[in-house]
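Peer 1: Have a peek at protein_32.txt (compact mmCIF, C-alpha atoms and all ligand atoms).
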# COMPACT_ATOMS: atom_id res chain seq x y z
CA MET A 651 0.00 0.00 0.00
CA GLU A 652 1.58 3.27 -1.00
CA LYS A 653 0.54 6.76 -0.05
CA GLN A 654 -0.72 7.47 -3.56
CA GLU A 655 -2.90 5.50 -5.93
CA LYS A 656 -0.81 3.64 -8.45
CA LYS A 657 -2.29 4.72 -11.81
CA PRO A 658 -5.37 6.46 -13.09
CA ALA A 659 -7.84 4.16 -14.82
CA THR A 660 -6.98 5.59 -18.22
CA MET A 661 -3.33 4.53 -18.00
CA LEU A 662 -3.46 0.77 -18.02
CA ASP A 663 -0.28 -1.07 -19.04
CA GLU A 664 -0.06 -1.62 -22.80
CA GLY A 665 0.42 -5.36 -22.45
CA PHE A 666 -2.53 -5.53 -20.15
CA ILE A 667 -4.75 -3.59 -22.59
CA GLU A 668 -3.72 -6.03 -25.34
CA GLN A 669 -4.76 -8.89 -23.15
CA LEU A 670 -8.05 -7.21 -22.32
CA LEU A 671 -8.78 -6.54 -25.98
CA GLN A 672 -8.13 -10.17 -26.74
CA ASN A 673 -10.60 -11.07 -24.04
CA GLU A 674 -13.12 -8.64 -25.57
CA LYS A 675 -13.51 -7.01 -22.18
CA MET A 676 -12.20 -3.60 -23.17
CA GLU A 677 -15.49 -2.59 -24.75
CA ARG A 678 -17.25 -3.24 -21.47
CA ILE A 679 -14.62 -1.27 -19.53
CA LEU A 680 -14.92 1.72 -21.86
CA GLU A 681 -18.69 1.62 -21.54
CA GLU A 682 -18.32 1.65 -17.77
CA GLY A 683 -15.56 4.30 -17.94
CA GLU A 684 -17.41 7.24 -16.43
CA ALA A 685 -19.24 5.24 -13.77
CA PHE A 686 -15.92 3.59 -12.86
CA GLN A 687 -14.10 6.93 -12.52
CA THR A 688 -16.91 8.30 -10.37
CA LEU A 689 -16.87 5.26 -8.13
CA MET A 690 -13.09 5.55 -7.72
CA ALA A 691 -13.51 9.21 -6.72
CA TYR A 692 -16.04 8.15 -4.06
CA TYR A 693 -13.57 5.58 -2.70
CA ARG A 694 -10.89 8.29 -2.60
CA CYS A 695 -13.26 10.41 -0.47
CA ALA A 696 -13.92 7.45 1.84
CA ILE A 697 -10.16 6.97 2.29
CA MET A 698 -9.85 10.64 3.25
CA GLU A 699 -12.67 10.31 5.80
CA VAL A 700 -11.12 7.27 7.45
CA GLU A 701 -7.58 8.66 7.40
CA THR A 702 -8.84 11.85 9.07
CA LYS A 703 -10.58 9.84 11.80
CA PHE A 704 -7.31 8.09 12.68
CA ASN A 705 -5.36 11.35 12.56
CA VAL A 706 -7.87 12.94 14.91
CA LEU A 707 -7.59 10.03 17.36
CA ASN A 708 -3.81 10.23 17.26
CA THR A 709 -3.82 13.98 17.86
CA GLU A 710 -6.19 13.61 20.78
CA PHE A 711 -4.03 10.92 22.39
CA SER A 712 -0.94 13.05 22.02
CA LEU A 713 -2.67 16.02 23.70
CA ARG A 714 -4.28 14.03 26.47
CA TYR A 715 -1.68 11.36 27.24
CA ASP A 716 1.43 12.85 25.65
CA ARG A 717 1.97 9.88 23.34
CA ASN A 718 1.12 8.89 19.77
CA PRO A 719 -0.33 5.39 19.44
CA ILE A 720 -0.13 5.66 15.64
CA GLU A 721 3.26 5.75 13.95
CA THR A 722 2.12 6.09 10.31
CA ILE A 723 -0.95 5.81 8.13
CA LYS A 724 -0.65 4.53 4.57
CA THR A 725 -3.51 4.63 2.11
CA ARG A 726 -4.09 3.12 -1.30
CA LEU A 727 -6.77 2.85 -3.94
CA LYS A 728 -6.73 -0.55 -5.65
CA SER A 729 -5.31 -0.24 -9.15
CA PRO A 730 -7.59 -0.89 -12.17
CA GLU A 731 -5.38 -3.88 -13.07
CA SER A 732 -5.86 -5.45 -9.63
CA ILE A 733 -9.60 -4.76 -9.71
CA ILE A 734 -9.99 -6.40 -13.12
CA GLU A 735 -7.80 -9.33 -12.07
CA LYS A 736 -9.80 -9.88 -8.87
CA LEU A 737 -13.18 -9.70 -10.67
CA HIS A 738 -11.87 -12.10 -13.29
CA ARG A 739 -10.66 -14.50 -10.56
CA LYS A 740 -14.06 -14.39 -8.89
CA LYS A 741 -15.82 -14.74 -12.25
CA ILE A 742 -17.70 -11.47 -11.76
CA PRO A 743 -18.40 -9.21 -14.78
CA PHE A 744 -16.73 -5.79 -14.87
CA SER A 745 -19.05 -2.93 -13.90
CA ALA A 746 -19.05 -0.18 -11.30
CA GLU A 747 -22.07 -1.79 -9.67
CA MET A 748 -20.41 -5.21 -9.44
CA ILE A 749 -17.24 -3.68 -8.01
CA GLU A 750 -19.14 -1.89 -5.27
CA GLU A 751 -21.25 -4.93 -4.50
CA ASN A 752 -18.54 -7.59 -4.50
CA LEU A 753 -15.17 -6.05 -3.62
CA SER A 754 -14.48 -4.61 -0.20
CA ASP A 755 -10.80 -3.73 -0.53
CA ILE A 756 -10.89 -1.03 -3.22
CA ALA A 757 -10.19 1.61 -0.57
CA GLY A 758 -7.41 0.59 1.81
CA VAL A 759 -6.08 2.29 4.92
CA ARG A 760 -3.15 0.79 6.83
CA VAL A 761 -2.55 2.03 10.35
CA ILE A 762 0.86 1.28 11.81
CA CYS A 763 1.12 1.37 15.59
CA ALA A 764 4.15 1.05 17.84
CA PHE A 765 2.75 -1.56 20.23
CA PRO A 766 0.21 -4.40 19.88
CA GLU A 767 -2.08 -3.01 22.61
CA ASP A 768 -2.28 0.31 20.74
CA ILE A 769 -3.86 -1.55 17.83
CA TYR A 770 -6.83 -2.60 19.97
CA LEU A 771 -7.04 0.78 21.68
CA ILE A 772 -7.18 2.64 18.38
CA SER A 773 -9.50 0.17 16.63
CA ASP A 774 -11.95 0.20 19.57
CA CYS A 775 -12.06 4.03 19.52
CA PHE A 776 -12.54 4.01 15.75
CA LEU A 777 -15.31 1.38 15.80
CA ALA A 778 -17.13 3.19 18.61
CA GLN A 779 -17.78 6.16 16.32
CA ASP A 780 -21.47 6.27 15.44
CA ASP A 781 -20.98 6.78 11.70
CA ILE A 782 -18.75 3.71 11.33
CA ARG A 783 -20.43 0.39 10.61
CA LEU A 784 -18.34 -2.73 11.07
CA ILE A 785 -18.99 -5.29 8.36
CA GLU A 786 -16.23 -7.78 9.06
CA LYS A 787 -13.35 -8.21 11.48
CA LYS A 788 -10.46 -10.66 11.05
CA ASP A 789 -8.00 -10.81 13.90
CA TYR A 790 -4.80 -12.24 12.47
CA ILE A 791 -2.97 -11.10 15.62
CA LYS A 792 -4.84 -13.35 18.01
CA ASN A 793 -5.10 -15.96 15.22
CA PRO A 794 -2.04 -15.53 12.96
CA LYS A 795 -2.18 -17.01 9.47
CA GLU A 796 -0.39 -20.30 8.87
CA ASN A 797 2.54 -18.43 7.28
CA GLY A 798 2.94 -16.14 10.33
CA TYR A 799 1.08 -13.10 8.94
CA ARG A 800 -0.28 -10.84 11.69
CA SER A 801 -2.60 -7.82 11.40
CA LEU A 802 -6.06 -6.77 12.49
CA HIS A 803 -8.34 -6.43 9.46
CA LEU A 804 -11.57 -4.46 9.51
CA ILE A 805 -14.04 -3.95 6.71
CA VAL A 806 -16.13 -0.92 7.56
CA GLU A 807 -18.69 1.28 5.92
CA VAL A 808 -18.18 5.02 6.23
CA PRO A 809 -20.49 7.77 4.94
CA ILE A 810 -19.29 10.34 2.44
CA PHE A 811 -21.34 13.50 2.01
CA LEU A 812 -21.83 14.58 -1.62
CA HIS A 813 -23.64 17.74 -2.71
CA ASP A 814 -27.01 16.04 -2.93
CA GLU A 815 -26.63 12.68 -1.23
CA LYS A 816 -24.96 10.69 1.50
CA ARG A 817 -23.25 7.50 0.37
CA SER A 818 -21.89 4.60 2.38
CA MET A 819 -18.56 3.34 1.11
CA LYS A 820 -16.62 0.24 2.13
CA VAL A 821 -13.06 0.64 3.34
CA GLU A 822 -10.58 -2.04 4.37
CA VAL A 823 -8.53 -1.05 7.40
CA GLN A 824 -5.44 -3.03 8.34
CA LEU A 825 -3.89 -2.30 11.74
CA ARG A 826 -0.40 -3.59 12.51
CA THR A 827 2.66 -2.87 14.60
CA ILE A 828 5.87 -1.61 12.99
CA ALA A 829 7.31 -5.11 13.38
CA MET A 830 4.26 -6.79 11.78
CA ASP A 831 4.41 -4.30 8.92
CA PHE A 832 8.14 -4.90 8.42
CA TRP A 833 7.54 -8.65 8.19
CA ALA A 834 4.45 -8.37 5.94
CA SER A 835 6.12 -5.90 3.56
CA LEU A 836 9.14 -8.12 3.05
CA GLU A 837 7.08 -11.31 2.84
CA HIS A 838 4.77 -9.61 0.30
CA ARG A 839 7.80 -8.68 -1.78
CA ILE A 840 9.57 -12.02 -1.68
CA TYR A 841 6.91 -14.69 -1.21
CA TYR A 842 3.18 -13.78 -1.00
CA LYS A 843 1.28 -14.39 -4.27
CA LYS A 844 4.39 -15.82 -5.91
CA GLY A 845 2.80 -19.26 -6.10
CA GLN A 846 5.92 -20.84 -4.61
CA ASP A 847 5.82 -23.73 -2.24
CA ASN A 848 9.22 -24.03 -0.65
CA LYS A 849 8.71 -25.67 2.74
CA ARG A 850 12.07 -24.59 4.19
CA LEU A 851 11.52 -20.95 3.25
CA ARG A 852 7.95 -21.05 4.53
CA ASN A 853 9.23 -22.32 7.88
CA GLU A 854 11.94 -19.63 7.93
CA LEU A 855 9.35 -16.92 7.30
CA ARG A 856 7.04 -18.28 10.00
CA GLU A 857 9.95 -18.36 12.45
CA CYS A 858 10.84 -14.74 11.60
CA ALA A 859 7.20 -13.75 12.26
CA GLU A 860 7.32 -15.44 15.66
CA VAL A 861 10.61 -13.78 16.63
CA SER A 862 9.17 -10.46 15.54
CA ALA A 863 5.94 -11.00 17.55
CA ALA A 864 7.98 -11.90 20.64
CA LEU A 865 9.99 -8.69 20.19
CA ASP A 866 6.75 -6.69 20.00
CA LEU A 867 5.63 -8.11 23.34
CA ARG A 868 9.03 -7.53 25.02
CA MET A 869 9.07 -3.90 23.90
CA GLN A 870 5.50 -3.51 25.14
CA ASP A 871 6.49 -4.94 28.55
CA ILE A 872 9.45 -2.55 28.75
CA ARG A 873 7.16 0.37 28.05
CA ALA A 874 4.68 -0.79 30.69
CA GLU A 875 7.46 -1.12 33.27
CA LEU A 876 8.87 2.31 32.48
CA GLU A 877 5.41 3.84 32.74
CA THR A 878 4.79 2.39 36.19
CA GLU A 879 8.18 3.55 37.49
P1 LIG B 901 -2.50 -6.51 -1.78
O1 LIG B 901 -1.61 -6.63 -2.92
O2 LIG B 901 -1.78 -6.17 -0.48
O3 LIG B 901 -3.71 -5.63 -1.98
P2 LIG B 901 -9.63 -11.08 -0.46
O4 LIG B 901 -9.45 -9.72 0.18
O5 LIG B 901 -11.06 -11.41 -0.79
O6 LIG B 901 -8.68 -11.30 -1.62
P3 LIG B 901 -9.11 -12.50 1.97
O7 LIG B 901 -8.12 -13.63 2.12
O8 LIG B 901 -10.46 -12.71 2.53
O9 LIG B 901 -9.17 -12.23 0.46
O10 LIG B 901 -8.56 -11.19 2.61
P4 LIG B 901 -7.68 -11.00 3.89
O11 LIG B 901 -7.24 -12.27 4.50
O12 LIG B 901 -8.43 -10.05 4.75
O13 LIG B 901 -6.38 -10.30 3.25
C1 LIG B 901 -6.46 -9.18 2.47
C2 LIG B 901 -5.16 -8.40 2.48
O14 LIG B 901 -4.37 -8.64 3.65
C3 LIG B 901 -4.23 -8.76 1.34
O15 LIG B 901 -4.64 -8.02 0.23
C4 LIG B 901 -2.86 -8.31 1.88
O16 LIG B 901 -2.72 -6.91 1.83
C5 LIG B 901 -2.99 -8.71 3.32
N1 LIG B 901 -2.54 -10.09 3.52
C6 LIG B 901 -3.32 -11.15 3.80
N2 LIG B 901 -2.60 -12.24 3.95
C7 LIG B 901 -1.30 -11.89 3.80
C8 LIG B 901 -0.06 -12.61 3.86
O17 LIG B 901 -0.02 -13.81 4.08
N3 LIG B 901 1.08 -11.89 3.62
C9 LIG B 901 1.06 -10.56 3.37
N4 LIG B 901 2.23 -9.95 3.18
N5 LIG B 901 -0.10 -9.86 3.27
C10 LIG B 901 -1.26 -10.51 3.50
P5 LIG B 901 -4.37 -8.56 -1.24
O18 LIG B 901 -5.41 -7.99 -2.12
O19 LIG B 901 -4.25 -10.06 -1.24
O20 LIG B 901 -2.99 -8.01 -1.59
What is this structure when it is put down as structure tokens?

Peer 2:
Amino acid sequence: MEKQEKKPATMLDEGFIEQLLQNEKMERILEEGEAFQTLMAYYRCAIMEVETKFNVLNTEFSLRYDRNPIETIKTRLKSPESIIEKLHRKKIPFSAEMIEENLSDIAGVRVICAFPEDIYLISDCFLAQDDIRLIEKKDYIKNPKENGYRSLHLIVEVPIFLHDEKRSMKVEVQLRTIAMDFWASLEHRIYYKKGQDNKRLRNELRECAEVSAALDLRMQDIRAELETE
């Protein structure tokens, strides 16, 4: 997830366009062009709303308790290539309506915290807000994935206020510690989605995730001890 969206919808890779033309899907995409652009703009607004909510929480904590539970916030809008690929994989036709109905990770916000307990503190405060509706929660911290992946995933609906209507948009929020993010970023780069199945490397990665989780807890204990002193 980078701070900026990868590419506007009109700038698809040439090779990818070729492939789409061959699949006779391009016509459909062009037909949906305007509706697609509008939908993407709505998701961008939803990202801004959610990012602001986390920034406000962080500011309040720093004023009240003199500490920032959030280290960084990264946002991303799913690229048109990834959207098309995901729809194709799920055998769903390409249209703005289908995207909104079936995909919940078009708008992504990643919140990086220093300590594991800050993740729950911040997510509880966020979910307690009366305009946020929780659709799904996956706690890969309490229940790490088989490969060692840890993060708290939330799918929420947030309202955006347009000139003549209020719209609810889905946003995927991933909350992690710096250590979890470090592991996930490297694993994403070297292994995730690569379709490899090397048992030794899988074990190595899982071990790294465990070492990193233990480090998170030790640092958290040190902080707690220093605070009580
Ligand atoms: P990208 O490239 O980061 O956007 P779905 O969202 O329907 O495809 P699922 O499995 O229900 O599938 O979603 P889940 O488990 O909530 O995971 C969604 C996102 O979490 C992924 O998005 C990754 O960003 C991250 N993630 C999940 N598992 C792993 C993992 O094992 N390693 C790493 N590094 N990241 C993971 P995308 O769209 O798959 O990828």

Peer 1: List as a Markdown table every residue of chain A that is in contact with ligand LIG 901 (chain B), defined as an atom at most 7 Å from one of its atoms (using all atoms listed in the file), together with the nearest atom pair and the distance in Å rounded to one decimal, sorted by chain and then rising number.

Peer 2:
| residue | atom | partner | partner_atom | distance |
| --- | --- | --- | --- | --- |
| A:Met651 | CA | B:LIG901 | O2 | 6.4 |
| A:Lys728 | CA | B:LIG901 | O3 | 7.0 |
| A:Asp755 | CA | B:LIG901 | O4 | 6.2 |
| A:Lys788 | CA | B:LIG901 | O12 | 6.6 |
| A:Lys795 | CA | B:LIG901 | O17 | 6.6 |
| A:Asn797 | CA | B:LIG901 | O17 | 6.2 |
| A:Tyr799 | CA | B:LIG901 | O17 | 5.0 |
| A:His803 | CA | B:LIG901 | O12 | 5.9 |
| A:Ala834 | CA | B:LIG901 | N4 | 3.9 |
| A:Ser835 | CA | B:LIG901 | N4 | 5.6 |
| A:Glu837 | CA | B:LIG901 | N4 | 5.0 |
| A:His838 | CA | B:LIG901 | N4 | 3.9 |
| A:Tyr842 | CA | B:LIG901 | N3 | 5.4 |

Peer 1: Tell me, in Å to one decimal, how far atom CA of Leu876 of chain A is from atom CA of Cys775 of chain A.

Peer 2: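 Straight-line distance from atom CA of Leu876 of chain A to atom CA of Cys775 of chain A works out to 24.7 Å.
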
Peer 1: Could you please determine the separation between atom CA of Leu855 of chain A and atom CA of Gly798 of chain A in Å, to one decimal place?

Peer 2: 7.1 Å

Peer 1: For Val808 of chain A, which residue among A:Arg873, A:Arg868, A:Lys820, A:His738 is the nearest when counting only C-alpha atoms?

Peer 2: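 Answer, going by the shortest atom-to-atom distance: A:Lys820.
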
Peer 1: Between atom CA of Ile749 of chain A and atom CA of Ile733 of chain A, what is the distance, to one decimal in Å?

Peer 2: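 Between atom CA of Ile749 of chain A and atom CA of Ile733 of chain A the gap is 7.9 Å.
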
Peer 1: Smallest atom-to-atom distance to Glu857 of chain A: which of A:Asp871, A:Gln779, A:Tyr841, A:Trp833, using only C-alpha atoms?

Peer 2: A:Trp833

Peer 1: In terms of the shortest atom-to-atom distance over all atoms listed in the file, which of A:Glu735, A:Asp866, A:Glu699, A:Glu767 is closest to Met819 of chain A?

Peer 2: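 Residue with the minimum atom-to-atom distance to Met819 of chain A: A:Glu699.
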
Peer 1: When distances are computed from only C-alpha atoms, which of A:Asp831, A:Glu682, A:Asp768, A:Asp789 shows the smallest separation from Ser745 of chain A?

Peer 2: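 Nearest to Ser745 of chain A: A:Glu682.
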
Peer 1: Give me segment 694-705 of chain A with all heavy atoms filled in, as a PDB file, in the coordinates of the input.

Peer 2:
ATOM      1  N   ARG A 694     -11.949   7.359  -3.042  1.00  0.00           N
ATOM      2  CA  ARG A 694     -10.890   8.290  -2.600  1.00  0.00           C
ATOM      3  C   ARG A 694     -11.399   9.146  -1.435  1.00  0.00           C
ATOM      4  O   ARG A 694     -10.693   9.391  -0.475  1.00  0.00           O
ATOM      5  CB  ARG A 694     -10.474   9.183  -3.773  1.00  0.00           C
ATOM      6  CG  ARG A 694      -9.022   8.962  -4.146  1.00  0.00           C
ATOM      7  CD  ARG A 694      -8.619   9.824  -5.316  1.00  0.00           C
ATOM      8  NE  ARG A 694      -8.639   9.046  -6.537  1.00  0.00           N
ATOM      9  CZ  ARG A 694      -9.253   9.364  -7.654  1.00  0.00           C
ATOM     10  NH1 ARG A 694      -9.931  10.480  -7.743  1.00  0.00           N
ATOM     11  NH2 ARG A 694      -9.197   8.587  -8.701  1.00  0.00           N
ATOM     12  N   CYS A 695     -12.665   9.595  -1.549  1.00  0.00           N
ATOM     13  CA  CYS A 695     -13.260  10.410  -0.470  1.00  0.00           C
ATOM     14  C   CYS A 695     -13.371   9.583   0.811  1.00  0.00           C
ATOM     15  O   CYS A 695     -13.090  10.079   1.903  1.00  0.00           O
ATOM     16  CB  CYS A 695     -14.660  10.899  -0.869  1.00  0.00           C
ATOM     17  SG  CYS A 695     -14.627  11.961  -2.295  1.00  0.00           S
ATOM     18  N   ALA A 696     -13.770   8.316   0.655  1.00  0.00           N
ATOM     19  CA  ALA A 696     -13.920   7.450   1.840  1.00  0.00           C
ATOM     20  C   ALA A 696     -12.560   7.255   2.521  1.00  0.00           C
ATOM     21  O   ALA A 696     -12.475   7.259   3.754  1.00  0.00           O
ATOM     22  CB  ALA A 696     -14.520   6.115   1.428  1.00  0.00           C
ATOM     23  N   ILE A 697     -11.512   7.114   1.722  1.00  0.00           N
ATOM     24  CA  ILE A 697     -10.160   6.970   2.290  1.00  0.00           C
ATOM     25  C   ILE A 697      -9.818   8.213   3.112  1.00  0.00           C
ATOM     26  O   ILE A 697      -9.318   8.128   4.233  1.00  0.00           O
ATOM     27  CB  ILE A 697      -9.114   6.753   1.157  1.00  0.00           C
ATOM     28  CG1 ILE A 697      -9.255   5.344   0.576  1.00  0.00           C
ATOM     29  CG2 ILE A 697      -7.698   6.988   1.677  1.00  0.00           C
ATOM     30  CD1 ILE A 697      -8.319   5.054  -0.594  1.00  0.00           C
ATOM     31  N   MET A 698     -10.149   9.386   2.542  1.00  0.00           N
ATOM     32  CA  MET A 698      -9.850  10.640   3.250  1.00  0.00           C
ATOM     33  C   MET A 698     -10.583  10.702   4.588  1.00  0.00           C
ATOM     34  O   MET A 698     -10.022  11.088   5.601  1.00  0.00           O
ATOM     35  CB  MET A 698     -10.233  11.843   2.393  1.00  0.00           C
ATOM     36  CG  MET A 698      -9.285  12.068   1.234  1.00  0.00           C
ATOM     37  SD  MET A 698      -9.581  13.643   0.465  1.00  0.00           S
ATOM     38  CE  MET A 698     -10.836  13.269  -0.713  1.00  0.00           C
ATOM     39  N   GLU A 699     -11.858  10.294   4.571  1.00  0.00           N
ATOM     40  CA  GLU A 699     -12.670  10.310   5.800  1.00  0.00           C
ATOM     41  C   GLU A 699     -12.022   9.439   6.874  1.00  0.00           C
ATOM     42  O   GLU A 699     -11.862   9.856   8.014  1.00  0.00           O
ATOM     43  CB  GLU A 699     -14.086   9.771   5.538  1.00  0.00           C
ATOM     44  CG  GLU A 699     -14.969  10.647   4.682  1.00  0.00           C
ATOM     45  CD  GLU A 699     -15.540  11.841   5.440  1.00  0.00           C
ATOM     46  OE1 GLU A 699     -15.366  11.918   6.662  1.00  0.00           O
ATOM     47  OE2 GLU A 699     -16.157  12.697   4.777  1.00  0.00           O
ATOM     48  N   VAL A 700     -11.659   8.219   6.472  1.00  0.00           N
ATOM     49  CA  VAL A 700     -11.120   7.270   7.450  1.00  0.00           C
ATOM     50  C   VAL A 700      -9.734   7.726   7.935  1.00  0.00           C
ATOM     51  O   VAL A 700      -9.434   7.693   9.130  1.00  0.00           O
ATOM     52  CB  VAL A 700     -11.079   5.842   6.849  1.00  0.00           C
ATOM     53  CG1 VAL A 700     -10.312   4.886   7.739  1.00  0.00           C
ATOM     54  CG2 VAL A 700     -12.504   5.334   6.644  1.00  0.00           C
ATOM     55  N   GLU A 701      -8.918   8.199   7.010  1.00  0.00           N
ATOM     56  CA  GLU A 701      -7.580   8.660   7.400  1.00  0.00           C
ATOM     57  C   GLU A 701      -7.697   9.801   8.417  1.00  0.00           C
ATOM     58  O   GLU A 701      -6.981   9.849   9.417  1.00  0.00           O
ATOM     59  CB  GLU A 701      -6.796   9.108   6.155  1.00  0.00           C
ATOM     60  CG  GLU A 701      -5.343   9.399   6.484  1.00  0.00           C
ATOM     61  CD  GLU A 701      -4.513   9.826   5.274  1.00  0.00           C
ATOM     62  OE1 GLU A 701      -5.106  10.150   4.207  1.00  0.00           O
ATOM     63  OE2 GLU A 701      -3.283   9.845   5.401  1.00  0.00           O
ATOM     64  N   THR A 702      -8.645  10.714   8.149  1.00  0.00           N
ATOM     65  CA  THR A 702      -8.840  11.850   9.070  1.00  0.00           C
ATOM     66  C   THR A 702      -9.249  11.361  10.452  1.00  0.00           C
ATOM     67  O   THR A 702      -8.760  11.846  11.469  1.00  0.00           O
ATOM     68  CB  THR A 702      -9.904  12.812   8.501  1.00  0.00           C
ATOM     69  OG1 THR A 702      -9.456  13.222   7.224  1.00  0.00           O
ATOM     70  CG2 THR A 702     -10.118  14.008   9.393  1.00  0.00           C
ATOM     71  N   LYS A 703     -10.126  10.364  10.499  1.00  0.00           N
ATOM     72  CA  LYS A 703     -10.580   9.840  11.800  1.00  0.00           C
ATOM     73  C   LYS A 703      -9.383   9.325  12.606  1.00  0.00           C
ATOM     74  O   LYS A 703      -9.283   9.586  13.802  1.00  0.00           O
ATOM     75  CB  LYS A 703     -11.605   8.727  11.594  1.00  0.00           C
ATOM     76  CG  LYS A 703     -12.995   9.257  11.257  1.00  0.00           C
ATOM     77  CD  LYS A 703     -13.944   8.119  10.970  1.00  0.00           C
ATOM     78  CE  LYS A 703     -15.339   8.625  10.664  1.00  0.00           C
ATOM     79  NZ  LYS A 703     -15.997   9.205  11.841  1.00  0.00           N
ATOM     80  N   PHE A 704      -8.473   8.607  11.945  1.00  0.00           N
ATOM     81  CA  PHE A 704      -7.310   8.090  12.680  1.00  0.00           C
ATOM     82  C   PHE A 704      -6.365   9.229  13.075  1.00  0.00           C
ATOM     83  O   PHE A 704      -5.788   9.210  14.162  1.00  0.00           O
ATOM     84  CB  PHE A 704      -6.582   7.022  11.850  1.00  0.00           C
ATOM     85  CG  PHE A 704      -7.299   5.701  11.849  1.00  0.00           C
ATOM     86  CD1 PHE A 704      -7.882   5.194  10.702  1.00  0.00           C
ATOM     87  CD2 PHE A 704      -7.421   4.973  13.030  1.00  0.00           C
ATOM     88  CE1 PHE A 704      -8.563   3.988  10.715  1.00  0.00           C
ATOM     89  CE2 PHE A 704      -8.105   3.754  13.053  1.00  0.00           C
ATOM     90  CZ  PHE A 704      -8.671   3.258  11.892  1.00  0.00           C
ATOM     91  N   ASN A 705      -6.221  10.210  12.211  1.00  0.00           N
ATOM     92  CA  ASN A 705      -5.360  11.350  12.560  1.00  0.00           C
ATOM     93  C   ASN A 705      -5.912  12.106  13.763  1.00  0.00           C
ATOM     94  O   ASN A 705      -5.164  12.553  14.629  1.00  0.00           O
ATOM     95  CB  ASN A 705      -5.218  12.288  11.364  1.00  0.00           C
ATOM     96  CG  ASN A 705      -4.146  11.805  10.404  1.00  0.00           C
ATOM     97  OD1 ASN A 705      -3.119  11.263  10.837  1.00  0.00           O
ATOM     98  ND2 ASN A 705      -4.366  11.974   9.113  1.00  0.00           N
TER      99      ASN A 705
END
